[in-house]
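What's in input_8.csv: CSV, C-alpha atoms and all ligand atoms
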```csv
chain,number,residue,atom,x,y,z
A,1,MET,CA,66.1,-138.7,-86.4
A,2,THR,CA,69.7,-139.5,-87.0
A,3,THR,CA,72.4,-139.4,-84.3
A,4,THR,CA,76.0,-139.0,-85.3
A,5,CYS,CA,78.8,-139.6,-82.8
A,6,SER,CA,82.6,-139.6,-83.4
A,7,ALA,CA,85.4,-141.0,-81.3
A,8,PRO,CA,89.2,-140.5,-81.6
A,9,GLY,CA,92.1,-142.9,-82.3
A,10,LYS,CA,95.2,-142.9,-80.1
A,11,ILE,CA,99.0,-143.1,-80.1
A,12,TYR,CA,101.3,-144.2,-77.4
A,13,LEU,CA,103.9,-141.6,-76.3
A,14,PHE,CA,105.5,-144.2,-74.1
A,15,GLY,CA,105.0,-147.7,-72.7
A,16,GLU,CA,103.3,-150.1,-75.1
A,17,HIS,CA,104.1,-153.8,-74.4
A,18,ALA,CA,105.5,-152.9,-70.9
A,19,VAL,CA,101.9,-151.9,-70.0
A,20,VAL,CA,100.9,-155.5,-70.4
A,21,TYR,CA,103.1,-156.3,-67.4
A,22,GLY,CA,101.6,-153.5,-65.2
A,23,GLU,CA,104.2,-150.9,-66.0
A,24,PRO,CA,102.9,-147.3,-66.6
A,25,ALA,CA,102.3,-145.9,-70.1
A,26,ILE,CA,101.2,-142.7,-71.6
A,27,ALA,CA,98.5,-142.8,-74.3
A,28,CYS,CA,97.1,-139.8,-76.2
A,29,ALA,CA,93.9,-139.3,-78.1
A,30,VAL,CA,94.7,-137.9,-81.6
A,31,ASP,CA,92.4,-135.9,-83.9
A,32,LEU,CA,91.7,-138.8,-86.3
A,33,ARG,CA,88.1,-139.8,-85.8
A,34,THR,CA,85.6,-142.6,-86.6
A,35,ARG,CA,82.1,-141.3,-87.3
A,36,ILE,CA,79.0,-143.4,-86.7
A,37,SER,CA,75.5,-142.3,-87.8
A,38,VAL,CA,72.6,-144.2,-86.3
A,39,GLU,CA,69.0,-144.1,-87.4
A,40,LYS,CA,66.0,-146.2,-86.2
A,41,SER,CA,65.0,-148.6,-88.9
A,42,ASP,CA,63.0,-151.8,-89.4
A,43,ALA,CA,66.1,-154.0,-89.7
A,44,ILE,CA,69.7,-154.0,-88.7
A,45,THR,CA,72.0,-152.7,-91.5
A,46,ILE,CA,75.7,-151.7,-91.1
A,47,SER,CA,77.4,-149.8,-94.0
A,48,SER,CA,81.0,-149.0,-94.4
A,49,ASP,CA,83.8,-148.9,-97.1
A,50,ILE,CA,83.9,-152.7,-96.8
A,51,GLY,CA,80.2,-153.1,-97.7
A,52,THR,CA,76.7,-153.3,-96.3
A,53,THR,CA,75.7,-156.2,-94.0
A,54,GLY,CA,73.3,-157.1,-91.2
A,55,LEU,CA,74.6,-158.1,-87.8
A,56,ASP,CA,77.9,-159.7,-89.1
A,57,PHE,CA,80.7,-160.7,-86.8
A,58,ASP,CA,83.1,-161.4,-89.7
A,59,ILE,CA,82.8,-158.2,-91.7
A,60,HIS,CA,81.7,-155.7,-89.0
A,61,PRO,CA,82.7,-157.4,-85.7
A,62,TYR,CA,82.9,-154.4,-83.4
A,63,VAL,CA,79.8,-152.6,-84.6
A,64,SER,CA,77.8,-155.9,-84.5
A,65,ALA,CA,79.1,-156.6,-80.9
A,66,ALA,CA,78.1,-153.0,-79.9
A,67,ILE,CA,74.6,-153.4,-81.3
A,68,LYS,CA,74.3,-156.8,-79.5
A,69,LYS,CA,75.6,-155.4,-76.2
A,70,LEU,CA,72.9,-152.7,-76.1
A,71,GLY,CA,70.1,-155.1,-76.9
A,72,CYS,CA,70.0,-155.6,-80.7
A,73,MET,CA,68.0,-152.5,-81.6
A,74,GLU,CA,66.8,-152.4,-85.2
A,75,THR,CA,68.9,-149.6,-86.6
A,76,SER,CA,70.7,-148.5,-89.7
A,77,ILE,CA,74.3,-147.6,-89.1
A,78,LYS,CA,76.8,-145.8,-91.3
A,79,ILE,CA,80.6,-145.8,-90.6
A,80,THR,CA,83.2,-143.4,-91.9
A,81,SER,CA,86.7,-143.2,-90.5
A,82,ASP,CA,90.0,-141.3,-90.7
A,83,ILE,CA,91.8,-144.0,-88.8
A,84,PRO,CA,93.6,-146.7,-90.8
A,85,MET,CA,92.5,-150.2,-89.6
A,86,GLY,CA,94.7,-152.5,-87.5
A,87,SER,CA,97.8,-150.3,-87.6
A,88,GLY,CA,98.2,-149.4,-83.9
A,89,LEU,CA,96.0,-146.2,-83.9
A,90,GLY,CA,93.0,-147.6,-82.0
A,91,SER,CA,90.6,-148.0,-85.0
A,92,SER,CA,88.7,-150.8,-83.3
A,93,ALA,CA,88.2,-148.9,-80.1
A,94,ALA,CA,87.0,-145.8,-81.9
A,95,VAL,CA,84.4,-147.6,-84.0
A,96,THR,CA,83.2,-149.5,-80.9
A,97,ILE,CA,82.9,-146.4,-78.7
A,98,ALA,CA,81.3,-144.2,-81.3
A,99,THR,CA,78.7,-147.0,-82.1
A,100,LEU,CA,77.9,-147.5,-78.4
A,101,ALA,CA,77.5,-143.7,-77.9
A,102,ALA,CA,75.4,-143.1,-81.0
A,103,ILE,CA,73.0,-146.0,-80.1
A,104,ASN,CA,72.9,-144.9,-76.5
A,105,ILE,CA,71.7,-141.4,-77.5
A,106,GLU,CA,69.4,-142.4,-80.4
A,107,PHE,CA,67.5,-144.9,-78.2
A,108,GLY,CA,67.7,-142.9,-75.0
A,109,LEU,CA,69.4,-145.7,-73.1
A,110,GLY,CA,71.0,-143.5,-70.4
A,111,HIS,CA,74.4,-145.1,-70.1
A,112,ASP,CA,77.2,-142.8,-68.8
A,113,SER,CA,80.6,-142.4,-70.4
A,114,ALA,CA,82.3,-144.7,-67.8
A,115,GLU,CA,79.7,-147.5,-68.7
A,116,LEU,CA,80.4,-147.0,-72.4
A,117,ALA,CA,84.1,-147.3,-71.9
A,118,ARG,CA,83.6,-150.5,-69.8
A,119,MET,CA,81.3,-152.0,-72.4
A,120,GLY,CA,83.8,-151.0,-75.1
A,121,HIS,CA,86.6,-152.8,-73.3
A,122,GLU,CA,84.4,-155.9,-72.9
A,123,ILE,CA,83.7,-155.9,-76.6
A,124,GLU,CA,87.4,-155.6,-77.5
A,125,LYS,CA,88.2,-158.5,-75.1
A,126,GLU,CA,85.4,-160.7,-76.6
A,127,ILE,CA,86.6,-160.1,-80.2
A,128,GLN,CA,90.4,-160.0,-79.7
A,129,GLY,CA,90.6,-162.5,-76.9
A,130,ALA,CA,92.7,-160.1,-74.8
A,131,ALA,CA,92.9,-156.3,-74.8
A,132,SER,CA,94.1,-153.6,-72.4
A,133,PRO,CA,91.5,-151.0,-71.5
A,134,THR,CA,93.8,-148.2,-72.9
A,135,ASP,CA,92.3,-147.7,-76.4
A,136,THR,CA,88.6,-147.7,-75.3
A,137,TYR,CA,89.3,-145.5,-72.3
A,138,VAL,CA,91.3,-142.9,-74.3
A,139,SER,CA,88.7,-143.0,-77.2
A,140,THR,CA,85.9,-142.3,-74.7
A,141,PHE,CA,87.5,-139.6,-72.6
A,142,GLY,CA,90.1,-138.1,-75.0
A,143,GLY,CA,93.2,-136.2,-73.8
A,144,VAL,CA,96.6,-137.5,-72.6
A,145,VAL,CA,96.2,-140.3,-70.1
A,146,GLU,CA,98.6,-142.2,-67.9
A,147,ILE,CA,97.8,-145.9,-67.8
A,148,PRO,CA,96.9,-147.8,-65.5
A,149,SER,CA,96.3,-144.8,-63.1
A,150,ARG,CA,94.1,-143.0,-65.6
A,151,LYS,CA,95.6,-139.7,-64.5
A,152,ARG,CA,95.0,-137.0,-67.1
A,153,LEU,CA,98.2,-135.2,-68.1
A,154,GLU,CA,99.1,-132.0,-69.9
A,155,ILE,CA,98.3,-132.0,-73.7
A,156,PRO,CA,101.6,-131.3,-75.6
A,157,GLY,CA,101.6,-128.1,-77.5
A,158,CYS,CA,103.4,-129.4,-80.5
A,159,GLY,CA,102.5,-131.4,-83.6
A,160,ILE,CA,102.5,-135.1,-84.3
A,161,VAL,CA,103.1,-136.9,-87.6
A,162,VAL,CA,102.1,-140.5,-88.0
A,163,GLY,CA,103.9,-142.7,-90.6
A,164,ASN,CA,102.2,-145.8,-91.7
A,165,THR,CA,104.4,-148.6,-93.1
A,166,ASN,CA,101.2,-150.1,-94.6
A,167,LYS,CA,102.5,-153.5,-93.6
A,168,GLY,CA,101.4,-156.2,-91.2
A,169,ALA,CA,97.9,-154.9,-90.5
A,170,THR,CA,96.2,-158.1,-89.6
A,171,PRO,CA,93.5,-158.5,-86.9
A,172,LYS,CA,95.6,-160.9,-84.8
A,173,LYS,CA,98.9,-158.8,-85.0
A,174,THR,CA,98.7,-157.3,-81.5
A,175,ALA,CA,98.0,-160.7,-79.9
A,176,ARG,CA,100.9,-162.3,-81.9
A,177,LEU,CA,103.4,-159.7,-80.9
A,178,VAL,CA,102.3,-159.6,-77.2
A,179,LYS,CA,102.9,-163.4,-77.2
A,180,GLN,CA,106.3,-163.0,-78.9
A,181,VAL,CA,107.4,-160.6,-76.2
A,182,ALA,CA,106.1,-163.0,-73.5
A,183,THR,CA,108.2,-165.8,-75.0
A,184,LEU,CA,111.3,-163.6,-75.1
A,185,LYS,CA,110.6,-162.7,-71.4
A,186,GLU,CA,110.3,-166.3,-70.4
A,187,ASP,CA,113.5,-167.3,-72.3
A,188,TYR,CA,115.6,-164.5,-70.9
A,189,PRO,CA,113.9,-163.0,-67.8
A,190,GLU,CA,117.1,-161.5,-66.4
A,191,ILE,CA,117.6,-159.6,-69.6
A,192,VAL,CA,114.1,-158.8,-70.7
A,193,ASN,CA,112.6,-157.8,-67.3
A,194,PRO,CA,114.9,-154.8,-66.8
A,195,ILE,CA,114.0,-153.6,-70.4
A,196,ILE,CA,110.3,-153.8,-69.5
A,197,LYS,CA,111.0,-151.9,-66.2
A,198,THR,CA,113.0,-149.2,-68.1
A,199,ILE,CA,110.1,-148.8,-70.6
A,200,GLY,CA,107.8,-148.3,-67.6
A,201,SER,CA,110.0,-145.5,-66.3
A,202,PHE,CA,109.5,-143.3,-69.3
A,203,ALA,CA,105.9,-142.6,-68.3
A,204,VAL,CA,107.0,-141.4,-64.9
A,205,LYS,CA,109.7,-139.1,-66.3
A,206,GLY,CA,107.3,-138.1,-69.2
A,207,GLU,CA,104.7,-136.8,-66.8
A,208,SER,CA,107.0,-134.0,-65.5
A,209,LEU,CA,108.4,-133.3,-68.9
A,210,LEU,CA,104.9,-132.7,-70.3
A,211,GLN,CA,104.3,-130.4,-67.4
A,212,LYS,CA,107.4,-128.4,-68.2
A,213,LYS,CA,106.6,-128.5,-71.9
A,214,ASP,CA,110.0,-129.9,-72.5
A,215,TYR,CA,109.4,-131.5,-75.9
A,216,CYS,CA,113.1,-131.9,-76.7
A,217,SER,CA,113.6,-134.2,-73.8
A,218,LEU,CA,110.3,-136.0,-74.4
A,219,GLY,CA,111.5,-136.6,-78.0
A,220,GLU,CA,114.8,-137.9,-76.8
A,221,LEU,CA,113.1,-140.4,-74.5
A,222,MET,CA,110.8,-141.5,-77.3
A,223,ASN,CA,114.0,-142.3,-79.2
A,224,VAL,CA,115.2,-144.4,-76.3
A,225,ASN,CA,111.8,-146.1,-76.0
A,226,HIS,CA,112.0,-147.0,-79.7
A,227,GLY,CA,115.4,-148.6,-79.2
A,228,LEU,CA,114.0,-150.7,-76.4
A,229,LEU,CA,110.9,-151.8,-78.4
A,230,ASP,CA,113.4,-152.8,-81.1
A,231,ALA,CA,115.3,-154.8,-78.5
A,232,LEU,CA,112.0,-156.6,-77.6
A,233,GLY,CA,111.8,-157.7,-81.2
A,234,VAL,CA,108.7,-155.7,-82.3
A,235,GLY,CA,110.5,-153.4,-84.7
A,236,THR,CA,110.8,-153.8,-88.4
A,237,ALA,CA,113.2,-152.3,-91.0
A,238,GLU,CA,110.4,-150.3,-92.5
A,239,LEU,CA,109.4,-148.8,-89.1
A,240,SER,CA,113.0,-147.9,-88.2
A,241,SER,CA,113.5,-146.3,-91.7
A,242,LEU,CA,110.5,-144.0,-91.1
A,243,VAL,CA,111.6,-143.3,-87.5
A,244,TYR,CA,115.2,-142.3,-88.7
A,245,ALA,CA,113.8,-140.2,-91.6
A,246,ALA,CA,111.6,-138.2,-89.1
A,247,ARG,CA,114.5,-137.7,-86.7
A,248,ASN,CA,116.9,-136.6,-89.5
A,249,ALA,CA,114.2,-134.1,-90.6
A,250,GLY,CA,114.4,-132.4,-87.2
A,251,ALA,CA,111.6,-134.2,-85.2
A,252,PHE,CA,112.0,-134.0,-81.4
A,253,GLY,CA,111.8,-137.7,-81.4
A,254,ALA,CA,110.1,-140.7,-83.1
A,255,LYS,CA,109.1,-144.2,-82.2
A,256,ILE,CA,106.9,-147.2,-83.0
A,257,THR,CA,103.3,-146.7,-81.7
A,258,GLY,CA,101.3,-149.7,-80.6
A,259,ALA,CA,102.2,-153.3,-81.1
A,260,GLY,CA,104.8,-152.8,-83.8
A,261,GLY,CA,105.6,-155.6,-86.4
A,262,GLY,CA,104.6,-153.1,-89.1
A,263,GLY,CA,101.8,-150.6,-88.6
A,264,CYS,CA,102.6,-147.1,-87.5
A,265,MET,CA,105.4,-144.9,-86.1
A,266,VAL,CA,104.8,-141.5,-84.5
A,267,ALA,CA,107.0,-138.4,-84.5
A,268,LEU,CA,106.8,-135.4,-82.1
A,269,THR,CA,107.6,-132.2,-83.9
A,270,ASP,CA,107.3,-128.5,-84.3
A,271,SER,CA,107.8,-128.7,-88.1
A,272,PRO,CA,105.2,-131.3,-89.3
A,273,ASP,CA,105.5,-130.5,-93.0
A,274,GLU,CA,109.2,-131.2,-93.1
A,275,VAL,CA,108.9,-134.4,-91.1
A,276,ALA,CA,105.9,-135.5,-93.2
A,277,SER,CA,107.9,-135.1,-96.4
A,278,ALA,CA,110.8,-137.0,-95.0
A,279,ILE,CA,108.6,-139.9,-93.9
A,280,GLU,CA,106.9,-139.9,-97.3
A,281,ALA,CA,110.3,-140.0,-99.1
A,282,ALA,CA,111.2,-143.0,-96.9
A,283,GLY,CA,108.1,-144.9,-98.2
A,284,GLY,CA,105.6,-144.2,-95.4
A,285,LYS,CA,102.0,-143.1,-95.8
A,286,VAL,CA,101.8,-139.9,-93.7
A,287,ILE,CA,99.1,-138.5,-91.5
A,288,ILE,CA,99.7,-135.1,-89.9
A,289,THR,CA,97.5,-134.8,-86.9
A,290,LYS,CA,97.3,-133.2,-83.4
A,291,PHE,CA,96.6,-134.2,-79.8
A,292,THR,CA,93.0,-133.8,-78.8
A,293,SER,CA,91.2,-133.4,-75.5
A,294,LYS,CA,87.9,-134.5,-77.2
A,295,GLY,CA,86.8,-138.1,-76.5
A,296,VAL,CA,83.6,-139.4,-77.9
A,297,ILE,CA,81.2,-136.6,-78.9
A,298,ARG,CA,77.9,-136.1,-80.5
A,299,GLU,CA,78.3,-134.2,-83.8
B,301,LIG,O1,98.8,-151.9,-81.7
B,301,LIG,P1,97.8,-151.5,-80.6
B,301,LIG,O2,97.2,-150.2,-80.8
B,301,LIG,O3,96.7,-152.6,-80.5
B,301,LIG,O4,98.6,-151.5,-79.2
B,301,LIG,C1,99.0,-152.6,-78.6
B,301,LIG,C2,99.6,-152.2,-77.3
B,301,LIG,C3,100.2,-153.3,-76.4
B,301,LIG,O5,100.8,-152.8,-75.3
B,301,LIG,C4,101.3,-154.1,-77.2
B,301,LIG,C5,99.1,-154.3,-76.0
B,301,LIG,C6,98.1,-153.8,-75.1
B,301,LIG,O6,96.9,-154.4,-75.1
B,301,LIG,O7,98.3,-152.9,-74.3
```
Could you quickly redo this structure as structure tokens?
Ligand code: PMV
Amino acid sequence: MTTTCSAPGKIYLFGEHAVVYGEPAIACAVDLRTRISVEKSDAITISSDIGTTGLDFDIHPYVSAAIKKLGCMETSIKITSDIPMGSGLGSSAAVTIATLAAINIEFGLGHDSAELARMGHEIEKEIQGAASPTDTYVSTFGGVVEIPSRKRLEIPGCGIVVGNTNKGATPKKTARLVKQVATLKEDYPEIVNPIIKTIGSFAVKGESLLQKKDYCSLGELMNVNHGLLDALGVGTAELSSLVYAARNAGAFGAKITGAGGGGCMVALTDSPDEVASAIEAAGGKVIITKFTSKGVIRE
């Protein structure tokens, strides 16, 4: 028997970086998925675009850690993914959660979704040193979620376009940028603390705007959020160039998503094709996607 599970990636509508200091954020599952097929075997093999290995914490760290966490079952695992790696879209959470779920089903281990999300978060912490539970939670349960309350919010009825700068995707990028913001905060607390507080306030306002389906105002606040992320020093010229291209093509709003320093931006729009062309013309790699309520599922 083969069990295939898939889990989604995510974007931040508001609040990355500020969420590290306990401020609220809104994260959304997007319809870009990582698929994991698991089959019982007489040895552990893990196959992906990068190659085929056994339990290997250098080449396949998240899948290896998931196998280990569930008791090192002898299994053959195949990975395919729509999510670019290390670019702020939650690729590591998606691969971890889909692996945990597929092994859980194939071997009849009986863990529920909350346990899978908790184990996924532990794995991200083990491998990255520090990680917020956002990515693994959203990948497990899908939808639009306020962090840290885990309140589920209305799913926007408009499109999203992701623009990838194809720059800066290193495994340690998030940790480096979180540290960089911490240093700025220590050096200038009276200036940086209010910025972080203001970033937190977008999620509060965003909740009611989502309810009212007021995508124009949501977009406007995404633009303000982008400016403040830039102020925190996590923007790049390439990211801003894609953000401005999307806005000029009529997007409701556009901002960095995730840690920044390269990686991806996201635009909220009713005209995804126009916005996609503009991002492409500005040098970005485009992904047109949509919000999804589907977390990890068996396929
Ligand atoms: O780039 P990502 O998807 O790893 O997002 C990082 C988000 C931060 O708020 C900067 C860090 C965190 O753990 O919440």
Write out, as a tab-separated table, each residue of chain A that has an atom at most 7 Å from ligand LIG 301 (chain B), together with the closest pair of atoms and their distance in Å to one decimal, counting all atoms listed in the file, rows going by chain and rising number.
```
residue	atom	partner	partner_atom	distance
A:Glu16	CA	B:LIG301	O5	3.7
A:His17	CA	B:LIG301	O5	3.6
A:Ala18	CA	B:LIG301	O5	6.4
A:Val19	CA	B:LIG301	O5	5.5
A:Val20	CA	B:LIG301	O7	5.4
A:Ser87	CA	B:LIG301	O1	6.2
A:Gly88	CA	B:LIG301	O2	3.4
A:Leu89	CA	B:LIG301	O2	5.2
A:Gly90	CA	B:LIG301	O2	5.1
A:Ala131	CA	B:LIG301	O6	4.4
A:Ser132	CA	B:LIG301	O6	4.0
A:Thr134	CA	B:LIG301	O7	6.7
A:Thr174	CA	B:LIG301	O3	5.2
A:Val178	CA	B:LIG301	C4	5.6
A:Thr257	CA	B:LIG301	O1	6.9
A:Gly258	CA	B:LIG301	O1	3.5
A:Ala259	CA	B:LIG301	O1	3.7
A:Gly260	CA	B:LIG301	O1	6.4
```
Got time to write the residues from that selection, C-alpha atoms, as a PDB file, keeping the file's coordinate frame?
```pdb
ATOM      1  CA  GLU A  16     103.300-150.100 -75.100  1.00  0.00           C
ATOM      2  CA  HIS A  17     104.100-153.800 -74.400  1.00  0.00           C
ATOM      3  CA  ALA A  18     105.500-152.900 -70.900  1.00  0.00           C
ATOM      4  CA  VAL A  19     101.900-151.900 -70.000  1.00  0.00           C
ATOM      5  CA  VAL A  20     100.900-155.500 -70.400  1.00  0.00           C
ATOM      6  CA  SER A  87      97.800-150.300 -87.600  1.00  0.00           C
ATOM      7  CA  GLY A  88      98.200-149.400 -83.900  1.00  0.00           C
ATOM      8  CA  LEU A  89      96.000-146.200 -83.900  1.00  0.00           C
ATOM      9  CA  GLY A  90      93.000-147.600 -82.000  1.00  0.00           C
ATOM     10  CA  ALA A 131      92.900-156.300 -74.800  1.00  0.00           C
ATOM     11  CA  SER A 132      94.100-153.600 -72.400  1.00  0.00           C
ATOM     12  CA  THR A 134      93.800-148.200 -72.900  1.00  0.00           C
ATOM     13  CA  THR A 174      98.700-157.300 -81.500  1.00  0.00           C
ATOM     14  CA  VAL A 178     102.300-159.600 -77.200  1.00  0.00           C
ATOM     15  CA  THR A 257     103.300-146.700 -81.700  1.00  0.00           C
ATOM     16  CA  GLY A 258     101.300-149.700 -80.600  1.00  0.00           C
ATOM     17  CA  ALA A 259     102.200-153.300 -81.100  1.00  0.00           C
ATOM     18  CA  GLY A 260     104.800-152.800 -83.800  1.00  0.00           C
TER      19      GLY A 260
END
```
Spatial neighbours of stretch 147-157 of chain A, max dist 7 Å, all atoms listed in the file, sep filter under 6 positions, as a PyMOL selection string: chain A and resi 24-26+134+207+210-211+213+291
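Between A:Arg35 and the residues A:Val145, A:Ala245, A:Ile83, A:Ala251, the shortest atom-to-atom distance, using only C-alpha atoms, involves A:Ile83.
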Pick out the residues sitting within 10 Å of A:Pro61, and hand them over as a PyMOL selection string; count all atoms listed in the file, and ignore anything fewer than 4 positions along from it in its own chain. chain A and resi 55-57+65-66+92+96+123-124+127
Choose the residue, out of A:Thr75, A:Ser139, A:Ser64, A:Ser241, that has the smallest atom-to-atom separation from A:Val30; count all atoms listed in the file.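 For A:Val30, the nearest of the given residues is A:Ser139.
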So, with all atoms listed in the file as the atoms that count, which of A:Leu229, A:Ile67, A:Val204, A:Leu221 lies closest to A:Gly253?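 Closest residue, counting all atoms listed in the file: A:Leu221.
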